[in-house]
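Student: The file below is structure-v3.txt, compact mmCIF, C-alpha atoms:
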# COMPACT_ATOMS: atom_id res chain seq x y z
CA MET A 1 0.00 0.00 0.00
CA PRO A 2 1.15 3.62 -0.51
CA LEU A 3 2.47 6.08 2.06
CA THR A 4 0.12 8.92 3.00
CA PHE A 5 0.97 12.20 4.73
CA VAL A 6 -1.78 13.42 7.08
CA ARG A 7 -2.30 16.23 9.56
CA ASN A 8 -3.84 14.77 12.68
CA ASP A 9 -3.33 13.95 16.32
CA ILE A 10 -1.63 10.54 16.20
CA THR A 11 -3.58 9.42 19.28
CA LYS A 12 -6.76 9.74 17.18
CA MET A 13 -5.54 7.51 14.33
CA ALA A 14 -7.75 4.42 13.94
CA VAL A 15 -5.03 2.06 12.69
CA ASP A 16 -3.67 -1.28 13.85
CA ALA A 17 -0.54 0.32 15.31
CA ILE A 18 0.71 3.79 16.11
CA VAL A 19 4.40 4.44 16.67
CA ASN A 20 5.59 6.26 19.77
CA ALA A 21 8.75 8.37 19.60
CA ALA A 22 9.86 7.24 23.05
CA ASN A 23 12.90 7.71 25.26
CA GLN A 24 15.09 4.77 26.29
CA SER A 25 13.25 4.20 29.57
CA LEU A 26 9.86 3.77 27.80
CA LEU A 27 8.31 5.33 30.92
CA GLY A 28 6.78 8.35 29.24
CA GLY A 29 8.01 11.85 28.52
CA GLY A 30 6.99 14.99 26.68
CA GLY A 31 5.70 15.64 23.18
CA VAL A 32 4.26 12.67 21.28
CA ASP A 33 5.42 10.25 24.00
CA GLY A 34 3.50 12.04 26.74
CA ALA A 35 0.40 12.48 24.56
CA ILE A 36 0.27 8.76 23.76
CA HIS A 37 0.66 7.75 27.41
CA ARG A 38 -2.08 10.17 28.49
CA ALA A 39 -4.48 8.93 25.81
CA ALA A 40 -3.75 5.23 26.40
CA GLY A 41 -4.16 5.44 30.18
CA PRO A 42 -2.05 4.13 33.08
CA GLU A 43 -2.18 0.54 31.81
CA LEU A 44 0.28 1.45 29.06
CA LEU A 45 2.87 2.63 31.57
CA GLU A 46 2.44 -0.55 33.59
CA GLU A 47 3.16 -2.74 30.57
CA CYS A 48 6.11 -0.53 29.55
CA ARG A 49 7.68 -1.16 32.98
CA THR A 50 7.99 -4.84 32.02
CA LEU A 51 9.97 -4.15 28.81
CA ASN A 52 13.27 -3.11 30.44
CA GLY A 53 13.69 -0.08 28.22
CA CYS A 54 14.64 0.13 24.54
CA GLY A 55 17.86 0.95 22.72
CA THR A 56 18.22 3.72 20.15
CA GLY A 57 17.09 2.49 16.73
CA GLU A 58 15.20 -0.46 18.24
CA ALA A 59 11.46 -1.02 18.69
CA LYS A 60 9.16 -2.78 21.17
CA ILE A 61 5.41 -3.36 21.12
CA THR A 62 2.59 -3.03 23.67
CA LYS A 63 -1.18 -3.03 23.61
CA GLY A 64 -2.99 0.22 22.74
CA TYR A 65 -5.40 0.12 25.71
CA ARG A 66 -7.65 3.20 25.50
CA LEU A 67 -6.30 4.30 22.12
CA PRO A 68 -8.17 3.60 18.85
CA ALA A 69 -5.04 1.68 17.78
CA LYS A 70 -4.68 -1.97 18.79
CA TYR A 71 -0.94 -1.63 19.41
CA VAL A 72 1.65 0.96 20.30
CA ILE A 73 5.13 0.38 18.87
CA HIS A 74 7.74 2.24 20.91
CA THR A 75 10.97 3.26 19.18
CA VAL A 76 13.85 5.45 20.31
CA GLY A 77 15.18 7.93 17.80
CA PRO A 78 18.70 9.37 17.81
CA VAL A 79 19.60 12.74 19.30
CA TYR A 80 20.93 14.81 16.42
CA LYS A 81 24.50 16.11 16.71
CA ASP A 82 25.79 16.78 13.23
CA GLY A 83 24.63 13.82 11.14
CA LEU A 84 28.09 12.27 11.26
CA HIS A 85 27.62 10.10 14.34
CA GLY A 86 25.34 7.43 12.88
CA GLU A 87 22.15 9.45 13.25
CA PRO A 88 20.78 8.68 9.73
CA GLN A 89 21.35 4.93 10.15
CA LEU A 90 19.73 4.92 13.59
CA LEU A 91 16.73 6.92 12.39
CA ARG A 92 16.23 4.57 9.43
CA SER A 93 16.42 1.66 11.86
CA CYS A 94 13.56 3.16 13.91
CA TYR A 95 11.21 3.10 10.92
CA ARG A 96 12.47 -0.24 9.60
CA GLU A 97 12.21 -2.09 12.93
CA SER A 98 8.78 -0.60 13.65
CA MET A 99 7.45 -1.71 10.25
CA ARG A 100 8.80 -5.22 10.69
CA LEU A 101 7.43 -5.51 14.21
CA ALA A 102 4.03 -4.38 12.97
CA ALA A 103 4.08 -6.97 10.16
CA LYS A 104 5.15 -9.68 12.61
CA ASN A 105 2.09 -8.91 14.73
CA GLY A 106 -0.33 -9.03 11.80
CA CYS A 107 -0.86 -5.28 11.42
CA THR A 108 -2.25 -4.01 8.13
CA SER A 109 -2.03 -0.30 8.98
CA ILE A 110 0.49 1.82 10.86
CA ALA A 111 0.89 5.51 11.70
CA PHE A 112 4.21 7.22 12.46
CA PRO A 113 5.05 10.57 13.98
CA LEU A 114 8.11 12.39 12.64
CA ILE A 115 10.69 10.67 14.84
CA SER A 116 13.55 12.71 16.38
CA ALA A 117 12.40 15.97 14.76
CA GLY A 118 11.26 17.54 18.05
CA VAL A 119 13.46 18.03 21.12
CA TYR A 120 16.00 15.54 19.68
CA GLY A 121 16.81 18.19 17.09
CA TYR A 122 16.83 16.24 13.80
CA PRO A 123 16.45 18.70 10.87
CA ARG A 124 12.82 18.47 9.83
CA GLU A 125 13.35 18.20 6.07
CA GLU A 126 15.95 15.43 6.40
CA ALA A 127 13.79 13.62 8.96
CA VAL A 128 10.90 13.60 6.48
CA ARG A 129 13.15 12.34 3.68
CA ILE A 130 14.49 9.43 5.78
CA ALA A 131 11.00 8.55 6.99
CA ALA A 132 9.47 8.50 3.49
CA GLU A 133 12.31 6.54 1.90
CA THR A 134 12.52 3.92 4.65
CA ILE A 135 8.78 3.37 4.92
CA ALA A 136 8.52 3.06 1.12
CA GLU A 137 11.32 0.46 1.07
CA GLU A 138 9.59 -1.61 3.74
CA LEU A 139 6.24 -1.38 1.96
CA GLU A 140 7.77 -3.28 -0.94
CA GLU A 141 8.09 -6.28 1.39
CA ASN A 142 5.13 -5.75 3.74
CA GLU A 143 1.80 -4.68 2.23
CA MET A 144 0.09 -2.33 4.69
CA GLU A 145 -1.34 1.17 4.90
CA ALA A 146 1.28 3.56 6.25
CA TYR A 147 0.75 7.12 7.44
CA LEU A 148 3.22 9.84 8.38
CA VAL A 149 1.33 12.06 10.80
CA PHE A 150 2.03 15.78 11.29
CA PHE A 151 0.36 17.66 14.11
CA ASP A 152 1.33 21.12 12.90
CA LYS A 153 1.71 22.84 9.56
CA GLY A 154 5.24 23.53 8.38
CA SER A 155 7.29 23.46 5.22
CA LEU A 156 8.19 19.91 4.18
CA ALA A 157 9.19 20.53 0.58
CA ALA A 158 12.70 19.09 0.73
CA GLY A 159 14.25 22.19 2.27
CA LYS A 160 13.66 25.92 2.38
CA GLU A 161 15.48 26.59 -0.90
CA LEU A 162 13.28 24.20 -2.89
CA HIS A 163 10.18 25.49 -1.15
CA ALA A 164 11.13 29.06 -2.10
CA ASP A 165 11.62 27.99 -5.74
CA ILE A 166 8.21 26.30 -5.80
CA GLN A 167 6.57 29.39 -4.29
CA ALA A 168 8.24 31.63 -6.88
CA PHE A 169 7.03 29.36 -9.70
CA ILE A 170 3.50 29.45 -8.26
CA ASP A 171 3.60 33.22 -7.94
CA ASP A 172 4.74 33.56 -11.56
CA ASN A 173 2.29 31.04 -13.03
CA TYR A 174 -0.70 30.30 -10.84
CA ALA A 175 -1.99 33.83 -10.23
CA ALA A 176 -1.63 34.80 -13.88
CA GLY A 177 -3.27 31.57 -14.98
CA ALA A 178 -6.16 32.02 -12.57
CA LEU A 179 -6.81 35.55 -13.82
CA GLU A 180 -6.65 34.36 -17.43
CA GLU A 181 -9.18 31.66 -16.57
CA ASP A 182 -11.45 34.33 -15.06
CA ARG A 183 -11.22 36.36 -18.28
CA ARG A 184 -11.90 33.30 -20.39
CA ARG A 185 -15.11 32.68 -18.46
CA GLY A 186 -16.16 36.33 -18.75
CA ARG A 187 -15.74 37.10 -15.07
CA ASN A 188 -14.48 40.35 -13.62
CA SER A 189 -10.76 39.96 -12.98
CA LEU A 190 -9.57 40.55 -9.45
CA HIS A 191 -6.29 42.34 -8.94
CA PHE A 192 -4.39 42.04 -5.68
CA SER A 193 -1.43 44.01 -4.49
CA GLU A 194 1.28 42.13 -2.63
CA SER A 195 -0.15 43.43 0.65
CA THR A 196 -3.79 42.52 -0.05
CA ARG A 197 -3.45 39.31 -2.05
CA PRO A 198 -4.95 36.36 -0.08
CA PRO A 199 -2.51 33.63 1.02
CA LEU A 200 -2.28 30.73 -1.44
CA TYR A 201 -3.31 28.30 1.29
CA GLU A 202 -6.71 29.98 1.45
CA GLU A 203 -7.37 30.38 -2.26
CA GLU A 204 -10.10 28.21 -3.64
CA ILE A 205 -9.52 26.54 -6.98
CA CYS A 206 -12.48 26.26 -9.33
CA SER A 207 -12.02 24.63 -12.71
CA ALA A 208 -14.60 24.88 -15.47
CA PRO A 209 -16.11 21.60 -16.67
CA MET A 210 -14.12 20.16 -19.54
CA GLN A 211 -15.85 20.56 -22.89
CA MET A 212 -15.32 17.58 -25.17
CA PRO A 213 -15.51 18.85 -28.77
CA GLY A 214 -16.54 15.47 -30.13
CA LEU A 215 -19.66 15.51 -27.96
CA GLN A 216 -20.85 18.99 -28.97
CA LYS A 217 -23.53 19.30 -31.57
CA PRO A 218 -21.89 20.84 -34.65
CA LYS A 219 -23.50 23.78 -36.35
CA ALA A 220 -24.62 23.29 -39.92
CA ALA A 221 -21.79 24.12 -42.29
CA LYS A 222 -22.45 26.96 -44.71
CA ALA A 223 -22.16 26.31 -48.40
CA GLY A 224 -18.56 26.18 -49.58
CA LYS A 225 -17.24 26.09 -46.02
CA ALA A 226 -15.39 23.22 -44.33
CA PRO A 227 -17.20 21.27 -41.63
CA LEU A 228 -16.74 22.55 -38.08
CA PHE A 229 -14.80 19.44 -37.05
CA ALA A 230 -12.26 17.73 -39.26
CA GLY A 231 -11.08 14.14 -39.19
CA ALA A 232 -12.95 10.92 -38.43
CA MET A 233 -15.39 12.61 -36.03
CA ALA A 234 -16.66 14.82 -38.84
CA ALA A 235 -16.64 12.24 -41.63
CA PRO A 236 -19.97 12.70 -43.41
CA GLY A 237 -22.25 9.71 -43.54
CA LYS A 238 -20.27 7.59 -41.06
CA PRO A 239 -22.57 5.92 -38.54
CA LEU A 240 -21.80 6.28 -34.84
CA SER A 241 -21.25 2.51 -34.56
CA ASP A 242 -18.29 2.82 -36.94
CA LEU A 243 -16.84 5.83 -35.15
CA THR A 244 -16.84 3.99 -31.81
CA LYS A 245 -14.63 1.31 -33.37
CA GLU A 246 -12.01 3.91 -34.30
CA LEU A 247 -11.19 5.14 -30.80
CA ASP A 248 -7.62 6.07 -29.99
CA GLU A 249 -5.38 4.24 -27.54
CA SER A 250 -6.90 4.31 -24.04
CA PHE A 251 -5.19 5.54 -20.89
CA GLN A 252 -4.60 1.96 -19.73
CA GLN A 253 -3.15 0.92 -23.10
CA MET A 254 -0.83 3.92 -23.24
CA LEU A 255 0.28 3.38 -19.63
CA MET A 256 1.11 -0.29 -20.20
CA ARG A 257 2.96 0.60 -23.40
CA LYS A 258 5.00 3.24 -21.59
CA ILE A 259 5.86 0.77 -18.83
CA ALA A 260 6.96 -1.83 -21.39
CA GLU A 261 9.04 0.78 -23.24
CA SER A 262 10.74 1.79 -19.99
CA GLY A 263 12.33 -1.67 -19.70
CA GLU A 264 11.57 -1.73 -15.97
CA LYS A 265 9.46 -4.17 -13.99
CA PRO A 266 5.85 -3.01 -13.50
CA SER A 267 6.31 -3.44 -9.74
CA ASP A 268 9.17 -0.91 -9.78
CA ILE A 269 6.95 1.58 -11.58
CA TYR A 270 3.88 1.29 -9.37
CA HIS A 271 5.97 1.38 -6.19
CA ARG A 272 7.65 4.53 -7.47
CA ALA A 273 4.20 5.94 -8.25
CA ASN A 274 3.10 5.34 -4.63
CA ILE A 275 0.39 3.00 -5.98
CA SER A 276 -0.60 -0.25 -4.29
CA LYS A 277 -0.28 -3.65 -5.97
CA ALA A 278 -4.07 -4.11 -5.78
CA HIS A 279 -4.69 -0.74 -7.46
CA PHE A 280 -2.22 -1.49 -10.24
CA SER A 281 -3.75 -4.93 -10.79
CA LYS A 282 -7.15 -3.28 -11.23
CA ILE A 283 -5.73 -0.94 -13.87
CA ASN A 284 -3.88 -3.75 -15.63
CA CYS A 285 -7.02 -5.86 -15.97
CA ASP A 286 -9.28 -3.16 -17.44
CA GLU A 287 -8.36 -1.45 -20.70
CA HIS A 288 -11.22 1.01 -20.13
CA TYR A 289 -10.10 1.90 -16.60
CA LYS A 290 -10.99 5.50 -15.65
CA PRO A 291 -8.24 6.88 -13.37
CA THR A 292 -8.28 9.93 -11.15
CA LYS A 293 -6.06 12.83 -12.13
CA LYS A 294 -3.70 12.20 -9.22
CA THR A 295 -3.22 8.58 -10.38
CA VAL A 296 -2.31 9.71 -13.91
CA CYS A 297 0.18 12.24 -12.54
CA ALA A 298 1.66 9.64 -10.20
CA PHE A 299 2.49 7.38 -13.15
CA ALA A 300 3.82 10.33 -15.16
CA ILE A 301 6.25 11.06 -12.31
CA ALA A 302 7.18 7.39 -11.88
CA LEU A 303 7.86 7.01 -15.62
CA GLU A 304 9.74 10.34 -15.71
CA LEU A 305 7.65 11.60 -18.61
CA SER A 306 8.31 14.96 -20.23
CA LEU A 307 5.71 17.71 -19.89
CA ASP A 308 4.32 16.96 -23.36
CA GLU A 309 4.16 13.22 -22.62
CA THR A 310 2.43 13.96 -19.31
CA LYS A 311 -0.16 16.10 -21.07
CA GLU A 312 -0.75 13.30 -23.58
CA LEU A 313 -1.24 10.72 -20.81
CA LEU A 314 -3.62 13.08 -19.01
CA MET A 315 -5.55 13.65 -22.24
CA LYS A 316 -6.05 9.89 -22.62
CA ALA A 317 -7.88 9.97 -19.27
CA GLY A 318 -9.86 13.11 -20.14
CA PHE A 319 -7.75 15.58 -18.13
CA ALA A 320 -5.46 18.52 -18.84
CA LEU A 321 -2.96 20.68 -16.97
CA SER A 322 -4.30 24.13 -16.17
CA ARG A 323 -2.51 27.22 -14.86
CA SER A 324 -5.69 27.95 -12.89
CA SER A 325 -5.15 24.85 -10.71
CA LEU A 326 -2.59 25.01 -7.91
CA PHE A 327 -2.22 21.21 -8.02
CA ASP A 328 -1.42 21.35 -11.75
CA VAL A 329 1.10 24.18 -11.38
CA ILE A 330 3.01 22.23 -8.71
CA ILE A 331 3.08 19.11 -10.91
CA GLU A 332 4.33 21.21 -13.83
CA TYR A 333 7.06 22.74 -11.65
CA PHE A 334 8.53 19.34 -10.77
CA ILE A 335 8.36 17.98 -14.32
CA ARG A 336 9.92 21.12 -15.82
CA ASN A 337 12.75 20.87 -13.28
CA GLY A 338 13.32 17.15 -13.89
CA ASN A 339 12.56 16.26 -10.25
CA TYR A 340 10.73 12.93 -10.36
CA ASP A 341 10.96 12.05 -6.67
CA ILE A 342 7.31 11.37 -5.82
CA PHE A 343 7.83 11.98 -2.12
CA ALA A 344 9.31 15.42 -2.83
CA VAL A 345 6.27 16.11 -5.04
CA ASN A 346 3.91 14.91 -2.31
CA GLU A 347 5.69 16.98 0.32
CA ALA A 348 5.07 20.08 -1.79
CA LEU A 349 1.44 19.14 -2.48
CA PHE A 350 0.94 18.47 1.23
CA ASP A 351 2.41 21.88 2.10
CA TYR A 352 -0.15 23.53 -0.16
CA ASP A 353 -3.10 21.40 1.02
CA GLN A 354 -3.47 19.60 -2.31
CA GLU A 355 -4.30 15.95 -2.97
CA LEU A 356 -1.28 13.64 -2.87
CA LEU A 357 -0.14 11.51 -5.79
CA GLY A 358 -0.77 7.79 -5.76
CA VAL A 359 -2.56 7.06 -2.53
Translate the structure described by the file into structure tokens.
Tutor:
Amino acid sequence: MPLTFVRNDITKMAVDAIVNAANQSLLGGGGVDGAIHRAAGPELLEECRTLNGCGTGEAKITKGYRLPAKYVIHTVGPVYKDGLHGEPQLLRSCYRESMRLAAKNGCTSIAFPLISAGVYGYPREEAVRIAAETIAEELEENEMEAYLVFFDKGSLAAGKELHADIQAFIDDNYAAGALEEDRRRGRNSLHFSESTRPPLYEEEICSAPMQMPGLQKPKAAKAGKAPLFAGAMAAPGKPLSDLTKELDESFQQMLMRKIAESGEKPSDIYHRANISKAHFSKINCDEHYKPTKKTVCAFAIALELSLDETKELLMKAGFALSRSSLFDVIIEYFIRNGNYDIFAVNEALFDYDQELLGV
């Protein structure tokens, strides 16, 4: 199953297991640790007393007691010094051992906090990167739903520099595109100064329904003038039954062709697209499969398609990229910059409250 970023209180997550960023004593503390102990009740502390602590990078499991989760997996993250004292390896071990312990206990869903990124001082962006990469690697071996839970809202987009670049691209493209869309629809354009322009997080995106030319009733052609629509759709005298036999390659057919042309295993592609095996199997078995836009974009990123190829794949599913959609502008930014890391894309989408790819 794919990895999903969510904003929530981890103690409210109704999953098989939640992960506690604990200290070595396992006897409670501040932050996430204290919140989990308070929500689970005193029984959790009593069971933790029997575990004899936990080493850094290791994991131990208890019941969830009063939590919605059946289990709590306690893991001890590293205190960050400079990244040169084994901190990355220990942090990866926290996620890896927690995932394996969950699988061993029959869990099909698990929720993680961002381990070590609080008082232990791990840089937030690097902590997110390690979490996403390690969880994704483990999901290749253990099929389960995995969540990375954030309580607050902060920049995740692979560092402040990248986030600033994305924001600049949005400022240059999204606002102009949205105003152009307003003009196209005959609305009054709204002009904002830098001081009065609403924050992007609060802007609502509204896309006009797509008009499919082939489904519009053509006007009668005047004498001596060409028909309104050229090509097979406008061929005079052709019955509809014949036209339906001349359909172009479907989304599913194009996707499978692109995967075959890539020379990679389908499993490598759908894992990189943050798509589950079950979801991919459903697509593979139905040549008329109708995907969501985020699924199409996920495969475009996984296949490292160019912008033109991405637009073609979207068109096969009845979609397009629009400068009036914040989601679309972010996708375009990553493709134009040759950044096909789906977790970096999802971090940016998450920052701007957009739907994530894959999931």
Student: Check the smallest atom-to-atom distance from each of A:Ile10, A:Leu349, A:Ala344, A:Ile61 to Glu125 of chain A using only C-alpha atoms, then report the winner.
Tutor: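 Under the stated criterion, the closest residue is A:Ala344.
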Student: What's around Leu45 of chain A at 8 Å? Count all atoms listed in the file, leave out sequence neighbours fewer than 6 positions away in its own chain, and write the answer as a list in words.
Tutor: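 What passes the distance filter is Leu27, Gly28 and His37 of chain A.
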Student: If you measure from atom CA of Ala17 of chain A to atom CA of Lys70 of chain A, what distance in Å do you get, rounded to one decimal?
Tutor: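 A separation of 5.9 Å between them.
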Student: Just give me the gap between atom CA of Cys48 of chain A and atom CA of Ala102 of chain A in Å, one decimal is fine.
Tutor: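 It comes out at 17.1 Å.
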Student: Could you check how far atom CA of Val128 of chain A sits from atom CA of Ile170 of chain A, in Å to one decimal?
Tutor: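 These two atoms are separated by 22.9 Å.
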Student: So that I can see what lies close to Leu101 of chain A, please list as a ChimeraX atom specification the residues with an atom at most 9 Å from it, counting all atoms listed in the file and leaving out residues fewer than 4 positions away in the same chain.
Tutor: /A:59-61,73,96-97,105-107
Student: Take the residues that were just selected and, keeping C-alpha atoms, output them as a short mmCIF file (atom, residue, chain, number, x, y, z; two decimals), in the frame of the given file.
Tutor:
data_model
loop_
_atom_site.label_atom_id
_atom_site.label_comp_id
_atom_site.auth_asym_id
_atom_site.auth_seq_id
_atom_site.Cartn_x
_atom_site.Cartn_y
_atom_site.Cartn_z
CA ALA A 59 11.46 -1.02 18.69
CA LYS A 60 9.16 -2.78 21.17
CA ILE A 61 5.41 -3.36 21.12
CA ILE A 73 5.13 0.38 18.87
CA ARG A 96 12.47 -0.24 9.60
CA GLU A 97 12.21 -2.09 12.93
CA ASN A 105 2.09 -8.91 14.73
CA GLY A 106 -0.33 -9.03 11.80
CA CYS A 107 -0.86 -5.28 11.42
#
Student: Within 8 Å of Cys297 of chain A, counting only C-alpha atoms, which residues show up once you throw out same-chain ones fewer than 6 positions away? Write them as a PyMOL selection string, please.
Tutor: chain A and resi 310+314+331+357
Student: Could you check which of A:Asp82, A:Glu141, A:Glu287, A:Glu133 is closest to Gly121 of chain A, using only C-alpha atoms?
Tutor: A:Asp82
Student: Hey, which of A:Tyr122, A:Tyr270, A:Tyr65, A:Phe343 ends up closest to Leu90 of chain A? Count all atoms listed in the file.
Tutor: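 Checking each candidate against Leu90 of chain A, we get A:Tyr122 as the closest.
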Student: Quick one: of A:Val76, A:Val6, A:Ala164, A:Ile259, who's nearest to Phe350 of chain A, counting only C-alpha atoms?
Tutor: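 Of A:Val76, A:Val6, A:Ala164, A:Ile259, the one nearest Phe350 of chain A is A:Val6, counting only C-alpha atoms.
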Student: Which residue out of A:Asp353, A:Glu43, A:Glu332, A:Glu140 has the minimum interatomic distance to Ile166 of chain A when only C-alpha atoms are used?
Tutor: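 Comparing A:Asp353, A:Glu43, A:Glu332, A:Glu140 against Ile166 of chain A, the winner is A:Glu332.
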Student: Excluding Val72 of chain A and residues on its chain fewer than 6 positions from it, collect all residues at most 8 Å away from it, counting only C-alpha atoms, and give them as a ChimeraX atom specification.
Tutor: /A:17-20,61-64
